[in-house]
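S.K.: File follows, entry_22.tsv with TSV, C-alpha atoms:
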chain	number	residue	atom	x	y	z
A	27	MET	CA	13.96	-12.49	2.63
A	28	ALA	CA	12.64	-12.64	-0.93
A	29	LYS	CA	9.52	-14.34	0.33
A	30	THR	CA	9.00	-11.62	2.97
A	31	ARG	CA	9.35	-8.87	0.35
A	32	GLU	CA	6.86	-10.59	-1.91
A	33	LYS	CA	4.29	-10.98	0.86
A	34	LEU	CA	4.81	-7.60	2.51
A	35	SER	CA	4.02	-5.13	-0.26
A	36	ARG	CA	3.99	-1.35	0.01
A	37	ASP	CA	0.19	-1.41	-0.14
A	38	THR	CA	0.00	-3.99	2.64
A	39	ILE	CA	2.18	-1.84	4.89
A	40	VAL	CA	0.09	1.27	4.23
A	41	GLU	CA	-3.12	-0.66	4.93
A	42	GLY	CA	-1.70	-1.85	8.24
A	43	ALA	CA	-0.46	1.62	9.15
A	44	LEU	CA	-3.82	3.18	8.34
A	45	ALA	CA	-5.66	0.63	10.45
A	46	LEU	CA	-3.28	1.24	13.35
A	47	VAL	CA	-3.69	5.02	13.21
A	48	ASP	CA	-7.48	4.70	12.93
A	49	ARG	CA	-7.49	2.60	16.11
A	50	GLU	CA	-4.88	4.33	18.23
A	51	GLY	CA	-3.97	7.66	16.69
A	52	LEU	CA	-0.95	8.93	14.79
A	53	ASP	CA	1.36	8.87	17.82
A	54	ALA	CA	1.07	5.08	17.91
A	55	LEU	CA	2.58	4.74	14.44
A	56	THR	CA	6.23	3.69	14.45
A	57	ILE	CA	8.23	1.46	12.16
A	58	ARG	CA	8.92	-0.91	15.06
A	59	ARG	CA	5.25	-1.16	16.08
A	60	LEU	CA	4.14	-1.74	12.50
A	61	ALA	CA	6.80	-4.41	12.05
A	62	GLN	CA	5.49	-6.19	15.15
A	63	ASP	CA	1.94	-6.04	13.79
A	64	HIS	CA	3.14	-7.74	10.58
A	65	SER	CA	5.38	-10.23	12.44
A	66	VAL	CA	8.49	-9.06	10.60
A	67	THR	CA	11.67	-7.21	11.51
A	68	PRO	CA	11.82	-3.42	11.02
A	69	MET	CA	14.27	-3.99	8.16
A	70	ALA	CA	11.47	-5.61	6.16
A	71	LEU	CA	9.57	-2.31	6.28
A	72	TYR	CA	12.64	-0.23	5.50
A	73	TRP	CA	12.80	-2.09	2.19
A	74	HIS	CA	9.65	-0.14	1.21
A	75	PHE	CA	9.90	3.02	3.34
A	76	LYS	CA	13.25	4.45	4.42
A	77	ASP	CA	11.76	6.22	7.45
A	78	LYS	CA	8.53	7.27	9.17
A	79	HIS	CA	8.37	10.43	7.08
A	80	GLU	CA	7.99	8.37	3.92
A	81	LEU	CA	5.45	6.12	5.61
A	82	VAL	CA	3.35	9.10	6.66
A	83	ALA	CA	3.50	10.43	3.09
A	84	GLY	CA	2.27	7.02	1.97
A	85	LEU	CA	-0.77	7.36	4.22
A	86	ALA	CA	-1.65	10.73	2.72
A	87	GLU	CA	-1.18	9.34	-0.78
A	88	ARG	CA	-3.50	6.44	0.03
A	89	LEU	CA	-6.31	8.79	1.08
A	90	LEU	CA	-5.85	10.90	-2.04
A	91	ALA	CA	-5.90	7.76	-4.19
A	92	ASP	CA	-9.29	6.93	-2.66
A	93	VAL	CA	-10.81	10.19	-3.97
A	94	ASP	CA	-13.38	9.18	-6.59
A	95	LEU	CA	-13.68	12.31	-8.72
A	96	PRO	CA	-17.15	12.60	-10.25
A	97	ALA	CA	-17.96	12.70	-13.94
A	98	ALA	CA	-18.41	16.09	-15.61
A	99	GLU	CA	-22.06	16.94	-15.03
A	100	GLY	CA	-23.72	20.23	-14.11
A	101	SER	CA	-22.31	23.74	-13.87
A	102	TRP	CA	-18.70	24.38	-12.87
A	103	HIS	CA	-19.61	25.25	-9.30
A	104	GLU	CA	-21.84	22.17	-8.97
A	105	ARG	CA	-18.94	20.04	-10.14
A	106	LEU	CA	-16.62	21.90	-7.75
A	107	ARG	CA	-18.96	21.00	-4.91
A	108	ALA	CA	-19.04	17.37	-6.06
A	109	ALA	CA	-15.23	17.29	-6.12
A	110	LEU	CA	-15.02	18.58	-2.54
A	111	VAL	CA	-17.62	16.04	-1.45
A	112	ALA	CA	-15.48	13.32	-3.07
A	113	VAL	CA	-12.41	14.48	-1.16
A	114	LEU	CA	-14.36	14.45	2.11
A	115	ALA	CA	-15.72	10.98	1.38
A	116	ALA	CA	-12.14	9.68	1.21
A	117	VAL	CA	-10.87	11.59	4.24
A	118	ARG	CA	-13.78	11.44	6.71
A	119	PRO	CA	-13.27	7.77	7.69
A	120	HIS	CA	-9.69	8.56	8.77
A	121	PRO	CA	-9.72	11.76	10.88
A	122	ALA	CA	-6.35	11.02	12.50
A	123	VAL	CA	-4.71	11.03	9.06
A	124	ALA	CA	-6.70	13.90	7.55
A	125	GLY	CA	-4.25	16.60	8.61
A	126	LEU	CA	-1.46	14.86	6.69
A	127	VAL	CA	-3.19	15.40	3.35
A	128	PRO	CA	-3.08	19.17	2.50
A	129	PRO	CA	0.71	19.66	2.58
A	130	ARG	CA	1.23	16.51	0.48
A	131	ILE	CA	-1.33	17.01	-2.28
A	132	LEU	CA	1.32	17.98	-4.84
A	133	GLU	CA	3.70	15.16	-3.88
A	134	SER	CA	1.97	12.20	-5.53
A	135	HIS	CA	0.21	11.33	-8.78
A	136	ALA	CA	-3.06	10.85	-6.88
A	137	GLY	CA	-2.80	14.25	-5.23
A	138	LEU	CA	-1.82	15.98	-8.46
A	139	THR	CA	-4.87	14.45	-10.15
A	140	VAL	CA	-7.17	15.93	-7.49
A	141	ALA	CA	-5.40	19.30	-7.61
A	142	ASP	CA	-5.53	19.52	-11.39
A	143	HIS	CA	-9.25	18.69	-11.39
A	144	VAL	CA	-10.07	21.41	-8.85
A	145	LEU	CA	-7.85	23.98	-10.56
A	146	GLY	CA	-9.50	23.20	-13.89
A	147	LEU	CA	-12.95	23.84	-12.45
A	148	LEU	CA	-11.83	27.16	-11.00
A	149	ARG	CA	-10.30	28.19	-14.33
A	150	GLU	CA	-13.58	27.25	-15.97
A	151	GLY	CA	-15.29	29.55	-13.50
A	152	GLY	CA	-13.28	32.49	-14.78
A	153	PHE	CA	-10.38	32.67	-12.34
A	154	THR	CA	-6.80	33.17	-13.52
A	155	ALA	CA	-4.18	30.47	-12.99
A	156	GLU	CA	-2.81	32.40	-10.00
A	157	GLU	CA	-6.26	32.92	-8.48
A	158	ALA	CA	-7.15	29.28	-9.06
A	159	ALA	CA	-3.94	28.16	-7.32
A	160	GLU	CA	-4.75	30.30	-4.29
A	161	LEU	CA	-8.41	29.32	-4.11
A	162	GLY	CA	-7.77	25.66	-4.88
A	163	GLY	CA	-5.25	25.35	-2.08
A	164	TYR	CA	-7.62	27.06	0.31
A	165	LEU	CA	-10.59	24.92	-0.69
A	166	LEU	CA	-8.76	21.61	-0.31
A	167	SER	CA	-7.20	22.63	3.00
A	168	ALA	CA	-10.47	24.01	4.35
A	169	GLY	CA	-12.33	20.90	3.24
A	170	VAL	CA	-9.93	18.69	5.19
A	171	THR	CA	-10.19	21.07	8.17
A	172	LEU	CA	-13.90	20.29	8.30
A	173	VAL	CA	-12.79	16.80	9.33
A	174	THR	CA	-10.05	17.75	11.79
A	175	ALA	CA	-12.12	20.55	13.39
A	176	GLU	CA	-15.40	18.66	13.60
A	177	PRO	CA	-17.02	19.17	17.02
A	178	GLY	CA	-16.10	16.14	19.11
A	179	ALA	CA	-12.92	15.43	17.15
A	180	THR	CA	-10.07	14.32	19.38
A	181	ASP	CA	-6.60	12.82	19.08
A	182	ALA	CA	-7.77	9.90	21.24
A	183	HIS	CA	-9.50	7.56	18.82
A	184	PRO	CA	-10.72	4.67	20.94
A	185	ALA	CA	-14.45	5.24	21.42
A	186	ALA	CA	-14.25	5.32	25.21
A	187	SER	CA	-11.53	8.00	25.19
A	188	ARG	CA	-13.45	10.10	22.67
A	189	ASP	CA	-16.65	9.86	24.69
A	190	GLU	CA	-14.79	10.92	27.81
A	191	ALA	CA	-13.22	13.90	26.01
A	192	VAL	CA	-16.60	15.01	24.65
A	193	ALA	CA	-18.19	14.66	28.09
A	194	ARG	CA	-15.45	16.77	29.69
A	195	LYS	CA	-15.79	19.47	27.05
A	196	ARG	CA	-19.58	19.51	27.34
A	197	THR	CA	-19.39	19.81	31.13
A	198	ALA	CA	-16.82	22.63	30.95
A	199	LEU	CA	-18.86	24.62	28.43
A	200	ALA	CA	-22.12	24.09	30.30
A	201	ALA	CA	-20.49	25.39	33.48
A	202	LEU	CA	-19.60	28.75	31.91
A	203	PRO	CA	-21.55	31.74	33.30
A	204	ALA	CA	-24.47	32.20	30.91
A	205	ASP	CA	-24.66	35.93	31.58
A	206	ARG	CA	-21.10	36.43	30.31
A	207	PHE	CA	-21.05	33.85	27.51
A	208	PRO	CA	-24.74	33.48	26.57
A	209	ASN	CA	-24.21	32.19	23.03
A	210	VAL	CA	-21.48	29.70	23.93
A	211	SER	CA	-23.62	28.39	26.78
A	212	ALA	CA	-26.65	27.99	24.53
A	213	ALA	CA	-24.58	26.09	21.96
A	214	SER	CA	-22.56	23.98	24.44
A	215	ASP	CA	-23.91	20.64	23.20
A	216	ALA	CA	-23.27	21.46	19.54
A	217	LEU	CA	-19.79	22.82	20.31
A	218	ALA	CA	-18.85	19.70	22.28
A	219	ASP	CA	-20.02	17.13	19.75
A	220	CYS	CA	-21.39	16.99	16.22
A	221	GLY	CA	-25.05	15.99	16.34
A	222	ASP	CA	-25.56	15.43	12.61
A	223	GLU	CA	-22.32	14.80	10.72
A	224	ASP	CA	-23.88	14.71	7.25
A	225	SER	CA	-25.52	18.10	7.81
A	226	TYR	CA	-22.32	19.51	9.29
A	227	PHE	CA	-20.23	18.53	6.27
A	228	ALA	CA	-22.90	19.56	3.76
A	229	ARG	CA	-23.11	23.05	5.27
A	230	GLY	CA	-19.34	23.31	5.32
A	231	VAL	CA	-19.03	22.45	1.62
A	232	ASP	CA	-21.88	24.83	0.77
A	233	LEU	CA	-20.08	27.61	2.64
A	234	LEU	CA	-16.84	27.00	0.73
A	235	VAL	CA	-18.46	26.85	-2.70
A	236	SER	CA	-20.71	29.84	-2.01
A	237	GLY	CA	-17.63	31.81	-1.01
A	238	VAL	CA	-15.94	31.03	-4.31
A	239	GLN	CA	-19.07	31.99	-6.24
A	240	GLY	CA	-19.19	35.26	-4.31
A	241	LEU	CA	-15.61	36.08	-5.23
A	242	ARG	CA	-16.38	35.38	-8.88
Show how you would write the structure in this file as structure tokens.
M.R.:
Amino acid sequence: MAKTREKLSRDTIVEGALALVDREGLDALTIRRLAQDHSVTPMALYWHFKDKHELVAGLAERLLADVDLPAAEGSWHERLRAALVAVLAAVRPHPAVAGLVPPRILESHAGLTVADHVLGLLREGGFTAEEAAELGGYLLSAGVTLVTAEPGATDAHPAASRDEAVARKRTALAALPADRFPNVSAASDALADCGDEDSYFARGVDLLVSGVQGLR
């Protein structure tokens, strides 16, 4: 048992869980399935995580730990934009896990580091502590929502399933009567799938930061 504990670290379990969710979606994640993937008994995982709730929190913490906050350069709103871009860079590769992040930001050292950085920038911009708390929570949640609400996003992560879901959505939108829904019909391709992800995320971040500047 001691040898199993030494080999199967908390980080190793989280890495395996993240890979599983990336491949098959969050519904596929169970303690039993993860134990099978590591060729151990479920009890070996319970040594590190007492239940799936703790494991899921570990996934969110891992994404937050991957946020590489930029050095202090530029105006406060330029650095705010850079911070949001850094959060997206950590979350974008793992869309099935993205939704786990916002409610757990204040539950780990990594999340608190990100939160404190964003709140500090908002305070620097002239907002009160209460205003910064409200805006900071909105910004981080909305930034993650850019990932979960990206056109073409689906709970089915295998490429074939995603392609099928996008095709069905595109067909359904294209079949709408253009005289009744002219704008939806004209944008059916863009609504069904994201044509340029980098542009999509850049516009989203610009919208969020511009909104904060407008409030200031």
S.K.: Can you pull out every residue within 12 Å of stretch 153-159 of chain A, counting all atoms listed in the file, but drop anything in the same chain fewer than 3 positions away, and send it as number ranges by chain?
M.R.: A: 102, 132, 141-150, 162-166, 238-239, 241-242
S.K.: Write out as a tab-separated table the residues of stretch 202-227 of chain A that have any atom within 6 Å of an atom of stretch 173-177 of chain A, one row each with the nearest atom pair and its distance in Å to one decimal, counting only C-alpha atoms, sorted by chain and then rising number.
M.R.:
residue	atom	partner	partner_atom	distance
A:Leu217	CA	A:Pro177	CA	5.6
A:Ala218	CA	A:Pro177	CA	5.6
A:Asp219	CA	A:Pro177	CA	4.5
A:Cys220	CA	A:Pro177	CA	4.9
S.K.: So which one's closest to A:Glu104, A:Gly151, A:Arg118, A:Ala213, A:Leu138? Using only C-alpha atoms, please.
M.R.: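 Of A:Gly151, A:Arg118, A:Ala213, A:Leu138, the one nearest A:Glu104, counting only C-alpha atoms, is A:Gly151.
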S.K.: Please tell me which residues are no farther than 12 Å from (-2.6, 11.0, -9.1) in the file, counting all atoms listed in the file, and write them as a list in words.
M.R.: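 I get Ala86, Glu87, Arg88, Leu89, Leu90, Ala91, Asp92, Val93, Asp94, Leu95, Arg130, Ile131, Leu132, Glu133, Ser134, His135, Ala136, Gly137, Leu138, Thr139, Val140, Ala141, Asp142 and His143 of chain A for the residues within 12 Å of that point.
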S.K.: Determine the nearest neighbour of A:Val117 from the options A:Asp222, A:Lys195, A:Thr171, A:Asp205, counting all atoms listed in the file.
M.R.: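 Counting all atoms listed in the file, the residue closest to A:Val117 is A:Thr171.
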S.K.: Counting all atoms listed in the file, what is within 9 Å of A:Leu52, bar same-chain residues fewer than 4 positions away, as a list in words?
M.R.: Leu46, Val47, Asp48, Thr56, Ala122, Val123 and Asp181 of chain A
S.K.: Could you tell me how far atom CA of A:Ser167 sits from atom CA of A:Arg105, in Å to one decimal place?
M.R.: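 Atom CA of A:Arg105 sits 17.8 Å away from atom CA of A:Ser167.
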S.K.: Which value, in Å to one decimal, gives the distance between atom CA of A:Ala108 and atom CA of A:Gly230?
M.R.: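 Taking atom CA of A:Ala108 as the start and atom CA of A:Gly230 as the end point, the length is 12.8 Å.
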S.K.: Which residue, A:Arg107, A:His79, A:Arg229, A:His64, has the smallest gap to A:Gly42 when you use only C-alpha atoms?
M.R.: A:His64
S.K.: Within 7 Å of (-11.4, 17.9, 0.8) (coordinates as in the file), grab all the protein and nucleic acid residues, counting only C-alpha atoms, and write them out as a PyMOL selection string.
M.R.: chain A and resi 110-111+113-114+166-167+169-170
S.K.: So that all listed atoms of stretch 68-77 of chain A fit with 3 Å spare on each side, what axis-aligned box centre and edge lengths in Å, to one decimal, would you give as AutoDock Vina command-line options?
M.R.:
--center_x 11.9 --center_y 0.3 --center_z 6.1 --size_x 10.7 --size_y 17.8 --size_z 15.8
S.K.: State, in Å with one decimal place, the distance from atom CA of A:Leu161 to atom CA of A:Gly178.
M.R.: 27.8 Å
S.K.: Of the residues A:Arg58, A:His103, A:Arg194, A:Arg36, which is the one nearest to A:Leu85, using all atoms listed in the file?
M.R.: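 Result for the nearest residue to A:Leu85: A:Arg36.
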S.K.: Choose the residue, out of A:Asn209, A:Ser101, A:Ser65, A:Ser214, that has the smallest atom-to-atom separation from A:Ala193; count all atoms listed in the file.
M.R.: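 The shortest atom-to-atom distance to A:Ala193 comes from A:Ser214.
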